[in-house]
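Contents: one structure, followed by commentary.
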Amino acid sequence: MQRDPSLDAAIAEDESDRPGPLSEASLLGAPSTPPGPAPADAVPLPISVYPALMGILLGYGVLVVGNGLFVTAVPFHALKYGASTFTIGVIQSCYYAGFLLGAFYNRSLIERIGQHRAFVAFTALAALFAMGFAVSESMVLLCLLRVGTGLALMGMYTTVESWLNGSVPNTMRGRVFGSYLTINYLAVSAGQFLLNIGEAGSEGQLPLVAGLFVAAILPITLMQGWPTRVADERLVKQPAMSLFDSIAEMARATPIAIPGCILAGFLYSAFYAMMPVYLTRIGFSIGSLSTLMGVALFGALLMQWPVGRLSDRMDRRTVSRRLAIASAVFCAPLIFIQAHWLVFVLMFLFSAVNFTQYGLIVSHVNDRTEPERRIGVSATLLILFSVGGLLGPMIASVVVTVLGSGGLHVFNVVCALALARVARRAQMLAP
C-alpha cells in the first residue's frame, strides 16, 4: 500500500521536534557550526531568530504583568489574616528561597526539553501556585506556596535569559538585555495598576494573577519560530562544572558578579516586599499606593535601553558604580522626610537608576563567558540574585521594625553605597 507523502512529512516534523539531548547552541537556534566567542564586529541577530525571540518575550511580558500584581497583592493578602511586618517579610523571602531551590533542579530540565516547553511547564506551575495562594489562610502554607512560585519563575527566568544572552554579540548585549528589562518593567508597572481591580489581595484578585500566567502560554504555543536542533557531534563538548566551581571561576573573571548580584537582590526584593508596607504606614491609600508603584516601575523601564546602550560604549562597572551612588542620593532624604509628593518624585528617580543594576551586572559577566557556559552562568547569576532576594526583605523588615518607616531607606542607602564600592573594587582587580 502506498503511503501518503503528507503523512510522512508530518511524522518527520514531529520526530524533529521531540526532546533529546540538547546543547546551548541547539537551544538558542544557533547555526550548525562549532560555537566560539562572538567577534567584536558581529552583525545583528539573524532574521530567523527574531520570531522565536518575539514569541518568548511576548509570553514573558504577559506573565510578568501577572507577577507584578501578585508580588504587590501578597502583603495585603497576608495582612487580612493579621500577619506582622516581619511575617510578611518572611513570606516574601520564601519566593527567593524557591528561586534557590529551582536553580539546583531547573537547569537539567531546560537542557532536556528545550526553552519553549520549559517555559510552558514553569508558567503553568506558577498559575497553580497562585490559585492555591488565593484560598490559603495559614502562614505556613502561604510560605510554602511562595517557595513554589519562586521555583517556577526561576525556571522561566533562566529559560529566557540564557536564550537571549546566547543569541547576541557583546557589542549588542547591553541594548538587547535592556530591551528585555524594558519589557519586564513595563509589564510589572502595568501589573501595579491592576491592584485597583477589586480589593487589594482579595480572593478575586489572585485568580486574575493565575489567569494572566495561563495567558502567557499562548504566544509560546501559537507563534512560529521554534529553535532549530543541531547534532551534538558538531558541537564542542565541555565538561560539566559544579555550582561551586562555576561561582569560583566567575569570582576570578568578574569580581563584581557575586557581591553585585547579591546586593542587587537586596535592593530589588526590599522594594517589592517592603515598599507597600512603608507606603501604608505613611498614610498612602490603596489607589495612591498602586499609582506610585506603577509610576516608579515606569521610571525603571524608561532607563533600561538608554543605560544598556551607554554600557555598550563604556565600562559597565563604571556605569553601575555611578548609578549606585545616584540611588543612595535619591533615597537619603526619605529617611527623614515623608511628604507624599517627595516620595513620588524620589521613588521614581530611585527606581529609574536602581533597577538597571542587574542588567548591567549580567551583561558584564556574559561579556566574559564562553557561549557553551551560558545556561549554567544564567542559573548561577540567578542563584546569587536569589540569595539577596531571600535575605533582603527579612533584613529590611528588621531595620524597619527597629528604626520605623524611614528604616527602609537606611537599608537602601547602605546597600547602594556598598554596591558602588564593589563596582569600583572590581575594576581594580580585573581591568
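Just remember, in the C-alpha cells the first chain shown is A, the second B, etc., residues are 1-based per chain, and ligands are 1-based in the order shown.
Residues surrounding Val71 of chain A within 8 Å are Asn67, Pro75, Tyr272 and Ala273 of chain A [only C-alpha atoms; sequence separation below 4 positions excluded].
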Ala103 of chain A environment, 9 Å, only C-alpha atoms, sequence neighbours closer than 4 positions dropped, as number ranges by chain: A: 98-99, 107, 151, 154-155, 158, 379-380, 382-383
Write out, as a short mmCIF file (atom, residue, chain, number, x, y, z; two decimals), in the first residue's frame, the residues just selected, with N, CA and C atoms.
data_model
loop_
_atom_site.label_atom_id
_atom_site.label_comp_id
_atom_site.auth_asym_id
_atom_site.auth_seq_id
_atom_site.Cartn_x
_atom_site.Cartn_y
_atom_site.Cartn_z
N GLY A 98 12.50 29.77 46.91
CA GLY A 98 12.11 28.95 45.77
C GLY A 98 13.03 29.16 44.58
N PHE A 99 13.51 30.39 44.40
CA PHE A 99 14.49 30.66 43.36
C PHE A 99 15.72 29.79 43.56
N ARG A 107 17.86 23.57 35.70
CA ARG A 107 18.77 23.61 34.56
C ARG A 107 18.70 22.32 33.74
N LEU A 151 10.23 28.84 42.66
CA LEU A 151 10.84 27.74 41.90
C LEU A 151 10.40 27.80 40.44
N MET A 154 11.84 30.94 38.69
CA MET A 154 13.28 30.80 38.47
C MET A 154 13.54 30.06 37.16
N GLY A 155 12.78 29.01 36.92
CA GLY A 155 12.93 28.27 35.67
C GLY A 155 12.60 29.13 34.47
N THR A 158 15.51 31.70 33.93
CA THR A 158 16.68 31.03 33.38
C THR A 158 16.47 30.72 31.91
N ALA A 379 21.94 30.50 35.35
CA ALA A 379 21.41 29.91 36.58
C ALA A 379 22.21 30.37 37.80
N THR A 380 23.54 30.45 37.66
CA THR A 380 24.38 30.87 38.79
C THR A 380 24.10 32.31 39.18
N LEU A 382 21.34 33.94 38.74
CA LEU A 382 20.03 33.99 39.39
C LEU A 382 20.08 33.43 40.81
N ILE A 383 20.96 32.44 41.05
CA ILE A 383 21.13 31.94 42.41
C ILE A 383 21.65 33.06 43.31
#
What does the distance from atom CA of Tyr180 of chain A to atom CA of Val387 of chain A come to in Å, to one decimal?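 Between atom CA of Tyr180 of chain A and atom CA of Val387 of chain A the gap works out to 22.4 Å.
Neighbouring residues of Leu334 of chain A at 9 Å or closer, counting only C-alpha atoms and skipping chain neighbours under 6 positions away, are Leu342, Val343, Leu346, Gly406, His409 and Val410 of chain A.
Between Gly178 of chain A and the candidates A:Cys94, A:Leu128, A:Leu301, A:Leu263, the tightest atom-to-atom separation, counting only C-alpha atoms, involves A:Leu301.
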Record the distance separating atom CA of Leu218 of chain A and atom CA of Tyr185 of chain A, expressed in Å with one decimal. 20.7 Å
At a cut-off of 10 Å, using only C-alpha atoms, what residues contact Leu302 of chain A? Leave out same-chain residues fewer than 2 positions from it and give the result as a PyMOL selection string. chain A and resi 178+181-182+185-186+297-300+304-307+351-353
Grab the atom CA of His364 of chain A to atom CA of Tyr60 of chain A distance for me, in Å with one decimal place.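 One can read the atom CA of His364 of chain A to atom CA of Tyr60 of chain A distance as 22.9 Å.
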